[in-house]
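Novice: I'd like to ask you about the structure that follows.
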Amino acid sequence: MHVLRQVGGGGNMRRVASALTALAVVAALGACTPETAPKPGTTSAARKTVAGQAEYLVFYADGHHGDALRAVEQAGGAPAGEDARLGYLMARAGASFVDRLNPGQAIVGVSQDRAIGYAPPTPAAPPANRSAGGATSVSRGTAAFPDAQSFTKGSGEPLAGRQWDMRMIGADRAHAKAPGSRQVLVGVIDTGVDGKHPDIAPNFNRELSRNFVTDEPKDALGEELDGPCEAAGCKDPVDEDDDGHGTHVASTIASPINGIGVAGVAPGVQIVNIRAGQDSGFFFLKPSLDALTYAADIGIDVVNMSYYIDPWLFNCAANKADSKKEQLEQRAIITGMQRALDYARQRHVTLITALGNGSTDLGRPEVDKQSPDFPQGSERERAVDNTCLNVPAESRGVISVSAVGPSGRKAIYSDYGLEQTDVAAPGGDALDGDGSKATRSVLAAAPEKMLRATGRIDARGNPKGPDVVKDCTRGTCSYYQYLDGTSMAAPHATGVAAILISRFGKPGKGGLDLAPATVEDLLYQTATRKGCPSPRQYEYHVAGGNAVHDCEGEPSRNGFYGHGIVDAWKAATFEP
């Protein structure tokens with residue numbers, strides 16, 4: 001499992017595994033309630049940062065809590081809290097803290113907690129021209145696109161005719177037989193969810209939703225990061241998504257059947273926004289830890305993670321090209337996320353993530369040109385190998401999803417790998433055919449506010465290009481956007497998992513309960529097997545040159561499609 005390889009794009013086109021640039025041809029990447037969300041397990045009473053100091057997550061080895069605490073104090077750090085569930089201390093210290101620290105055998109990783117925002121005295125207006133945080137549209141044409149009503153309507157929702165992705169996996173047929181149970185809770189760990197969107201609101205659980213990030217207008221170098229704050233304390237409400245990425249994901253999973261727009265894979269389940277991503281598309285370590293432990297503690301059944309943990313695309317435990325501080329940070333990401341994933345999985349949370357959009361064989365990575373990606377502009381080229389991990393995609397216990405286009409071929413941008421790919425799903429591929437067409441991408445809900453801020457609709461609310469669709473079928477207009485990426489593929493798998501949990505789960509915490517190992521087995525059994533192309537060295541013809549991806553393995557498991565393309569109809573009708 002991976003989330004973003006060469007995840008770049010737009011001002012923040014780098015970390016969310018969503019619509020990505022297919023070899024520099026199409027630029028479009030990709031990967032609550034209380035408003036001041038608590039940080040479960042952290043005993044820190046205050047989160048204020050003293051001038052010249054920062055807070056660090058210090059992960060200690062089993063049985064070495066006391067030794068780690070002494071090492072922190074000897075390095076000049078002041079204890080600021082801890083989370084015994086995941087085995088880390090919070091320490092407040094100056095910039096030289098990590099250099100002075102003697103890890104010994106007690107400390108296995110150290111990462112600065114970067115999720116520290118600043119609230120200006122007066123909330124500012126939203127920026128007029130901002131990139132859509134990592135999940136930018138696949139096509140940015142200027143021709144006006146007709147409203148949905150002018151298209152011939154088939155059965156189902158008004159825009160069902162545009163959902164080639166749902167037809168590919170049989171979700172359109174599965175809706176009537178197994179739409180998913182209201183007792184199934186799906187956590188969207190992402191940039192947020194527009195819970196007021198007409199095609200999400202009926203299935204949005206605001207009471208359980210949480211926001212674990214604080215917007216940061218500018219980074220440490222004074223460059224724009226999340227943009228001006230729009231809420232008190234720079235803490236967005238749980239039903240907002242200024243980026244659009246998380247809303248698209250949530251819509252693909254569970255947009256309801258309500259006569260509006262589209263329907264998701266599992267239109268009967270509930271969506272819980274568990275936000276861990278900044279408006280800018282960055283996903284730092286601590287919010288992700290908080291999101292996973294929260295999901296586990298409240299009884300979430302399955303989570304979708306279409307991103308990787310910043311600032312490292314590949315986390316190497318002992319890369320000689322990295323400094324001591326950088327090595328400890330990468331070890332902290334590997335260790336901390338694995339502990340959080342284990343914590344969630346042990347409490348029966350099925351974990352699904354996007355594979356990544358770097359057109360890379362993840363079993364043979366050679367170069368990482370994107371890390372560290374924060375502060376912005378810090379990137380450098382470094383050699384990597386298969387011991388380096390993309391997190392959470394290559395963490396243990398996660399189901400990793402590659403992307404296919406409308407023809408069923410592996411999408412040109414999608415990462416792949418025999419050991420890394422578990423299943424495939426529709427993620428869209430604007431280049432899957434002659435030329436580039438937005439309609440080959442995946443259509444799902446988009447926040448109107450985000451589309452206005454990024455200039456995708458005009459002052460009258462009309463789309464400016466074929467990547468945005470407007471539906472006013474029932475009077476109130478709602479918006480949808482075509483996006484490409486493994487970020488779009490993963491939620492299809494998450495929706496199918498939600499169907500399986502709805503059918504085979506037993507009463508448990510939060511509603512229904514089904515062990516992740518069982519969900520995984522059922523997901524693989526119901527997937528449609530798809531073998532490697534012939535020849536295995538598949539050649540993509542793109543502007544500026546061709547690209548060749550080598551598919552290894554058999555129809556039962558291979559590097560392009562894993563165990564096969566997920567199938568909602570089979571999940572709805574399967575009898576073990």
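Scheme for the structure tokens: letters A, B, ... for chains in order shown; per-chain residue numbers from 1; ligand numbers from 1 in order shown.
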Please produce, as a Markdown table, a per-residue contact table for segment 279-332 of chain A versus segment 354-374 of chain A (criterion: any atom at most 6 Å away, only C-alpha atoms considered), showing the nearest atom pair and its distance in Å to one decimal, sorted by chain then residue number.

Specialist:
| residue | atom | partner | partner_atom | distance |
| --- | --- | --- | --- | --- |
| A:Ser306 | CA | A:Ala354 | CA | 4.9 |
| A:Pro311 | CA | A:Pro372 | CA | 4.9 |
| A:Trp312 | CA | A:Ser371 | CA | 5.0 |
| A:Leu313 | CA | A:Ser371 | CA | 5.9 |

Novice: What would the file look like if the residues just selected were written as an mmCIF file, in the first residue's frame with all heavy atoms?

Specialist:
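Output file out_0.cif is given in full below:
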data_model
loop_
_atom_site.group_PDB
_atom_site.id
_atom_site.type_symbol
_atom_site.label_atom_id
_atom_site.label_comp_id
_atom_site.auth_asym_id
_atom_site.auth_seq_id
_atom_site.Cartn_x
_atom_site.Cartn_y
_atom_site.Cartn_z
ATOM 1 N N SER A 306 -6.380 8.435 1.697
ATOM 2 C CA SER A 306 -5.827 8.720 0.366
ATOM 3 C C SER A 306 -4.752 9.796 0.481
ATOM 4 O O SER A 306 -4.901 10.909 -0.022
ATOM 5 C CB SER A 306 -6.944 9.158 -0.585
ATOM 6 O OG SER A 306 -7.794 8.090 -0.913
ATOM 7 N N PRO A 311 6.802 14.986 6.099
ATOM 8 C CA PRO A 311 7.290 15.563 4.851
ATOM 9 C C PRO A 311 8.017 14.585 3.929
ATOM 10 O O PRO A 311 8.609 15.010 2.933
ATOM 11 C CB PRO A 311 8.279 16.626 5.343
ATOM 12 C CG PRO A 311 8.905 15.980 6.550
ATOM 13 C CD PRO A 311 7.768 15.212 7.211
ATOM 14 N N TRP A 312 7.991 13.271 4.225
ATOM 15 C CA TRP A 312 8.790 12.320 3.456
ATOM 16 C C TRP A 312 7.907 11.420 2.606
ATOM 17 O O TRP A 312 7.043 10.720 3.120
ATOM 18 C CB TRP A 312 9.663 11.464 4.388
ATOM 19 C CG TRP A 312 10.586 12.296 5.221
ATOM 20 C CD1 TRP A 312 10.351 12.798 6.467
ATOM 21 C CD2 TRP A 312 11.883 12.771 4.839
ATOM 22 N NE1 TRP A 312 11.413 13.550 6.891
ATOM 23 C CE2 TRP A 312 12.379 13.556 5.921
ATOM 24 C CE3 TRP A 312 12.682 12.609 3.703
ATOM 25 C CZ2 TRP A 312 13.619 14.163 5.890
ATOM 26 C CZ3 TRP A 312 13.922 13.222 3.674
ATOM 27 C CH2 TRP A 312 14.388 13.981 4.755
ATOM 28 N N LEU A 313 8.158 11.433 1.282
ATOM 29 C CA LEU A 313 7.453 10.515 0.401
ATOM 30 C C LEU A 313 7.919 9.094 0.679
ATOM 31 O O LEU A 313 7.111 8.174 0.820
ATOM 32 C CB LEU A 313 7.719 10.884 -1.065
ATOM 33 C CG LEU A 313 7.119 9.956 -2.117
ATOM 34 C CD1 LEU A 313 5.612 9.876 -1.968
ATOM 35 C CD2 LEU A 313 7.489 10.447 -3.510
#

Novice: Skip segment 382-397 of chain A itself and residues of its chain fewer than 3 positions away, then list as a count of residues only all residues within 9 Å of it, counting only C-alpha atoms.

Specialist: 47

Novice: Got a sec: who's within 12 Å of Ala75 of chain A, counting only C-alpha atoms, leaving out chain neighbours fewer than 2 positions off, as a ChimeraX atom specification?

Specialist: /A:68-73,77-79,91-103

Novice: So which residues touch Ala178 of chain A within 10 Å, counting only C-alpha atoms, skipping near sequence neighbours fewer than 5 positions away, as a list of chain:residue names?

Specialist: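 Selected residues are A:Ala171, A:Arg173, A:Val265, A:Ala266, A:Pro267, A:Gly268, A:Ile499, A:Leu500, A:Ser502, A:Arg503, A:Ala568, A:Trp569, A:Ala571, A:Ala572, A:Thr573.
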
Novice: Store the residues picked out above in a file with C-alpha atoms, as a PDB file, in the first residue's frame.

Specialist:
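The resulting result.pdb:
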ATOM      1  CA  ALA A 171     -22.292  -0.684  -7.963  1.00  0.00           C
ATOM      2  CA  ARG A 173     -26.802  -2.936  -9.806  1.00  0.00           C
ATOM      3  CA  VAL A 265     -20.707   2.725  -3.926  1.00  0.00           C
ATOM      4  CA  ALA A 266     -22.520   2.200  -0.600  1.00  0.00           C
ATOM      5  CA  PRO A 267     -25.265   4.867  -0.494  1.00  0.00           C
ATOM      6  CA  GLY A 268     -26.793   3.571   2.726  1.00  0.00           C
ATOM      7  CA  ILE A 499     -21.083  -3.351   1.723  1.00  0.00           C
ATOM      8  CA  LEU A 500     -19.330  -6.480   2.990  1.00  0.00           C
ATOM      9  CA  SER A 502     -23.076  -4.397   6.186  1.00  0.00           C
ATOM     10  CA  ARG A 503     -23.828  -7.922   5.002  1.00  0.00           C
ATOM     11  CA  ALA A 568     -19.633  -4.220  -5.593  1.00  0.00           C
ATOM     12  CA  TRP A 569     -22.143  -6.558  -7.284  1.00  0.00           C
ATOM     13  CA  ALA A 571     -19.883  -8.234  -2.739  1.00  0.00           C
ATOM     14  CA  ALA A 572     -23.654  -7.715  -2.674  1.00  0.00           C
ATOM     15  CA  THR A 573     -24.430 -11.263  -3.837  1.00  0.00           C
TER      16      THR A 573
END

Novice: Counting only C-alpha atoms, which residues of segment 231-330 of chain A fall within 12 Å of segment 454-472 of chain A, and what is the closest atom pair for each with its distance in Å at one decimal, ordered by chain and rising number, as JSON lines?

Specialist:
{"residue": "A:Asp242", "atom": "CA", "partner": "A:Thr454", "partner_atom": "CA", "distance": 10.0}
{"residue": "A:Asp243", "atom": "CA", "partner": "A:Thr454", "partner_atom": "CA", "distance": 9.6}
{"residue": "A:Gly244", "atom": "CA", "partner": "A:Thr454", "partner_atom": "CA", "distance": 10.5}
{"residue": "A:Gly259", "atom": "CA", "partner": "A:Asp471", "partner_atom": "CA", "distance": 10.4}
{"residue": "A:Ile260", "atom": "CA", "partner": "A:Asp471", "partner_atom": "CA", "distance": 7.3}
{"residue": "A:Gly261", "atom": "CA", "partner": "A:Asp471", "partner_atom": "CA", "distance": 6.0}
{"residue": "A:Val262", "atom": "CA", "partner": "A:Asp471", "partner_atom": "CA", "distance": 9.5}

Novice: Quote the spacing between atom CA of Tyr343 of chain A and atom CA of Gln112 of chain A in Å to one decimal place.

Specialist: 21.8 Å

Novice: Return as JSON, numbers by chain the full set of residues in segment 361-457 of chain A whose backbone-based DSSP assignment is strand (DSSP E).

Specialist: {"A": [367, 368, 382, 383, 399, 400, 401, 402, 403, 404, 423, 424, 425, 426, 442, 443, 444, 445, 446]}

Novice: Could you turn the residues from that selection into a file that holds all heavy atoms, as a short mmCIF file (atom, residue, chain, number, x, y, z; two decimals), in the first residue's frame?

Specialist:
data_model
loop_
_atom_site.label_atom_id
_atom_site.label_comp_id
_atom_site.auth_asym_id
_atom_site.auth_seq_id
_atom_site.Cartn_x
_atom_site.Cartn_y
_atom_site.Cartn_z
N VAL A 367 14.82 6.82 -6.75
CA VAL A 367 15.07 8.23 -6.47
C VAL A 367 13.84 8.88 -5.85
O VAL A 367 12.71 8.60 -6.27
CB VAL A 367 15.45 9.00 -7.76
CG1 VAL A 367 15.69 10.48 -7.45
CG2 VAL A 367 16.69 8.39 -8.40
N ASP A 368 14.06 9.68 -4.84
CA ASP A 368 12.99 10.49 -4.24
C ASP A 368 13.39 11.95 -4.43
O ASP A 368 14.35 12.42 -3.84
CB ASP A 368 12.85 10.15 -2.75
CG ASP A 368 11.81 11.01 -2.04
OD1 ASP A 368 11.12 11.79 -2.71
OD2 ASP A 368 11.68 10.88 -0.80
N ARG A 382 17.46 12.42 -3.62
CA ARG A 382 18.23 11.46 -2.84
C ARG A 382 17.92 10.05 -3.33
O ARG A 382 16.81 9.77 -3.81
CB ARG A 382 17.92 11.57 -1.35
CG ARG A 382 16.48 11.29 -1.01
CD ARG A 382 16.19 11.42 0.47
NE ARG A 382 14.83 10.97 0.74
CZ ARG A 382 14.44 10.30 1.81
NH1 ARG A 382 15.33 9.98 2.74
NH2 ARG A 382 13.20 9.93 1.97
N ALA A 383 18.90 9.20 -3.23
CA ALA A 383 18.72 7.80 -3.63
C ALA A 383 17.93 7.06 -2.56
O ALA A 383 18.13 7.26 -1.37
CB ALA A 383 20.08 7.14 -3.83
N ILE A 399 -4.85 -2.17 3.25
CA ILE A 399 -5.23 -2.64 1.92
C ILE A 399 -4.93 -1.51 0.94
O ILE A 399 -5.46 -0.41 1.04
CB ILE A 399 -6.72 -3.00 1.86
CG1 ILE A 399 -7.02 -4.16 2.83
CG2 ILE A 399 -7.14 -3.36 0.44
CD1 ILE A 399 -8.51 -4.42 3.02
N SER A 400 -4.01 -1.77 0.00
CA SER A 400 -3.51 -0.75 -0.90
C SER A 400 -4.14 -0.88 -2.27
O SER A 400 -4.23 -1.96 -2.82
CB SER A 400 -2.00 -0.89 -1.00
OG SER A 400 -1.45 0.11 -1.77
N VAL A 401 -4.57 0.25 -2.84
CA VAL A 401 -5.40 0.23 -4.05
C VAL A 401 -4.73 0.98 -5.21
O VAL A 401 -4.38 2.16 -5.08
CB VAL A 401 -6.78 0.86 -3.77
CG1 VAL A 401 -7.70 0.66 -4.97
CG2 VAL A 401 -7.40 0.26 -2.51
N SER A 402 -4.56 0.29 -6.34
CA SER A 402 -4.09 0.93 -7.56
C SER A 402 -5.30 1.42 -8.36
O SER A 402 -6.44 1.09 -8.05
CB SER A 402 -3.26 -0.05 -8.41
OG SER A 402 -4.08 -1.10 -8.92
N ALA A 403 -5.05 2.21 -9.40
CA ALA A 403 -6.14 2.82 -10.17
C ALA A 403 -6.19 2.29 -11.59
O ALA A 403 -5.15 2.04 -12.22
CB ALA A 403 -5.99 4.34 -10.19
N VAL A 404 -7.41 2.15 -12.10
CA VAL A 404 -7.62 1.80 -13.50
C VAL A 404 -8.48 2.88 -14.16
O VAL A 404 -9.24 3.59 -13.50
CB VAL A 404 -8.29 0.42 -13.68
CG1 VAL A 404 -7.44 -0.67 -13.04
CG2 VAL A 404 -9.70 0.40 -13.09
N VAL A 423 -5.46 -4.57 -4.35
CA VAL A 423 -6.59 -4.60 -5.28
C VAL A 423 -6.50 -3.37 -6.17
O VAL A 423 -5.74 -2.44 -5.90
CB VAL A 423 -7.96 -4.61 -4.57
CG1 VAL A 423 -8.22 -5.93 -3.87
CG2 VAL A 423 -8.10 -3.44 -3.61
N ALA A 424 -7.31 -3.37 -7.23
CA ALA A 424 -7.42 -2.20 -8.11
C ALA A 424 -8.86 -1.72 -8.09
O ALA A 424 -9.78 -2.45 -7.72
CB ALA A 424 -6.99 -2.57 -9.53
N ALA A 425 -9.07 -0.46 -8.52
CA ALA A 425 -10.41 0.11 -8.57
C ALA A 425 -10.39 1.28 -9.55
O ALA A 425 -9.32 1.82 -9.87
CB ALA A 425 -10.85 0.57 -7.18
N PRO A 426 -11.56 1.70 -10.01
CA PRO A 426 -11.60 2.85 -10.92
C PRO A 426 -11.07 4.11 -10.26
O PRO A 426 -11.57 4.53 -9.21
CB PRO A 426 -13.10 2.98 -11.24
CG PRO A 426 -13.71 1.67 -10.90
CD PRO A 426 -12.90 1.15 -9.75
N VAL A 442 -13.08 10.36 -12.68
CA VAL A 442 -14.16 9.96 -11.77
C VAL A 442 -14.91 11.20 -11.32
O VAL A 442 -14.33 12.18 -10.84
CB VAL A 442 -13.60 9.21 -10.55
CG1 VAL A 442 -14.70 8.94 -9.53
CG2 VAL A 442 -12.95 7.90 -10.99
N LEU A 443 -16.25 11.16 -11.46
CA LEU A 443 -17.10 12.28 -11.07
C LEU A 443 -17.66 12.06 -9.67
O LEU A 443 -18.21 11.00 -9.37
CB LEU A 443 -18.26 12.41 -12.05
CG LEU A 443 -19.19 13.63 -11.84
CD1 LEU A 443 -18.45 14.92 -12.19
CD2 LEU A 443 -20.45 13.49 -12.70
N ALA A 444 -17.50 13.07 -8.82
CA ALA A 444 -18.05 13.01 -7.46
C ALA A 444 -18.25 14.43 -6.95
O ALA A 444 -17.83 15.40 -7.58
CB ALA A 444 -17.14 12.21 -6.53
N ALA A 445 -18.87 14.54 -5.78
CA ALA A 445 -19.26 15.84 -5.24
C ALA A 445 -18.07 16.76 -4.99
O ALA A 445 -16.97 16.31 -4.63
CB ALA A 445 -20.04 15.64 -3.93
N ALA A 446 -18.31 18.06 -5.15
CA ALA A 446 -17.29 19.08 -4.91
C ALA A 446 -17.92 20.23 -4.15
O ALA A 446 -19.06 20.62 -4.43
CB ALA A 446 -16.71 19.58 -6.23
#

Novice: In Å, how far is it from atom CA of Ile300 of chain A to atom CA of Asp484 of chain A?

Specialist: 26.9 Å

Novice: Taking only C-alpha atoms into account, which of A:Gln327, A:Gln278, A:Ser251, A:Ser436 comes nearest Val213 of chain A?

Specialist: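 Closest residue, counting only C-alpha atoms: A:Gln278.
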
Novice: From a DSSP pass on the backbone, collect the residues of segment 337-569 of chain A flagged as helix (DSSP H, G or I) and hand them back as number ranges by chain.

Specialist: A: 337-346, 438-440, 448-453, 486-504, 516-526, 568-569

Novice: Find the residues around segment 191-208 of chain A up to 7 Å (only C-alpha atoms counted), leave out those fewer than 6 positions away in its own chain, and share them as a list in words.

Specialist: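 That gives Cys32, Thr33, Val238, Asp239, Glu240, Asp241, Asp243, His245, Gly246, Thr247, Ala250, Ser251, Ser255, Pro256, Ile260, Gly261, Val269, Gln270, Ile271, Val272, Asn273, Arg275, Ala276, Gly277, Gln278, Asp279, Gly281, Pro447 and Ser478 of chain A.
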
Novice: So what do you get for atom CA of Arg557 of chain A versus atom CA of Glu539 of chain A, distance-wise?

Specialist: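 Atom CA of Arg557 of chain A sits 20.6 Å away from atom CA of Glu539 of chain A.
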
Novice: Please report, as a Markdown table, each residue of segment 290-392 of chain A lying at most 10 Å from segment 221-229 of chain A, together with the nearest pair of atoms and the separation in Å rounded to one decimal; use only C-alpha atoms, and order rows by chain and ascending residue number.

Specialist:
| residue | atom | partner | partner_atom | distance |
| --- | --- | --- | --- | --- |
| A:Pro375 | CA | A:Leu221 | CA | 7.2 |
| A:Gln376 | CA | A:Glu223 | CA | 7.9 |
| A:Gly377 | CA | A:Leu221 | CA | 9.7 |

Novice: I'd like the contact shell of Pro287 of chain A - 12 Å cut-off, only C-alpha atoms, skipping same-chain residues fewer than 6 positions apart - returned as a compact mmCIF listing (two decimals) with C-alpha atoms, in the first residue's frame.

Specialist:
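File written: selection-v3.txt
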# COMPACT_ATOMS: atom_id res chain seq x y z
CA ALA A 37 -11.32 18.53 18.88
CA PRO A 38 -9.66 16.79 21.83
CA LYS A 39 -6.52 14.78 21.37
CA PRO A 40 -7.38 11.42 22.93
CA LEU A 57 6.82 13.45 19.52
CA ASP A 113 4.71 18.31 15.80
CA ARG A 114 4.15 20.71 12.93
CA ALA A 115 0.38 21.06 13.29
CA ILE A 116 0.58 24.42 15.05
CA ILE A 189 -9.34 10.64 7.05
CA ASP A 190 -8.65 13.45 4.64
CA THR A 191 -8.82 17.23 4.14
CA ARG A 210 -13.86 15.65 14.27
CA ASN A 211 -11.20 18.02 12.95
CA PHE A 212 -7.71 17.22 14.24
CA VAL A 213 -5.86 20.02 12.44
CA THR A 214 -5.43 23.75 12.89
CA ASP A 215 -5.07 25.79 9.71
CA ILE A 274 -12.03 12.55 10.69
CA ARG A 275 -9.91 15.34 9.34
CA ALA A 276 -6.12 15.01 9.42
CA GLY A 277 -5.11 17.10 6.40
CA GLN A 278 -4.35 20.80 6.15
CA THR A 293 -6.93 6.31 17.49
CA TYR A 294 -10.19 8.28 17.49
CA ILE A 309 2.55 11.38 5.83
CA ASP A 310 4.58 14.52 5.18
CA ILE A 333 6.75 8.24 11.06
CA GLY A 336 4.23 5.92 15.08
CA MET A 337 1.92 5.22 12.16
CA ALA A 340 -1.64 3.71 15.33
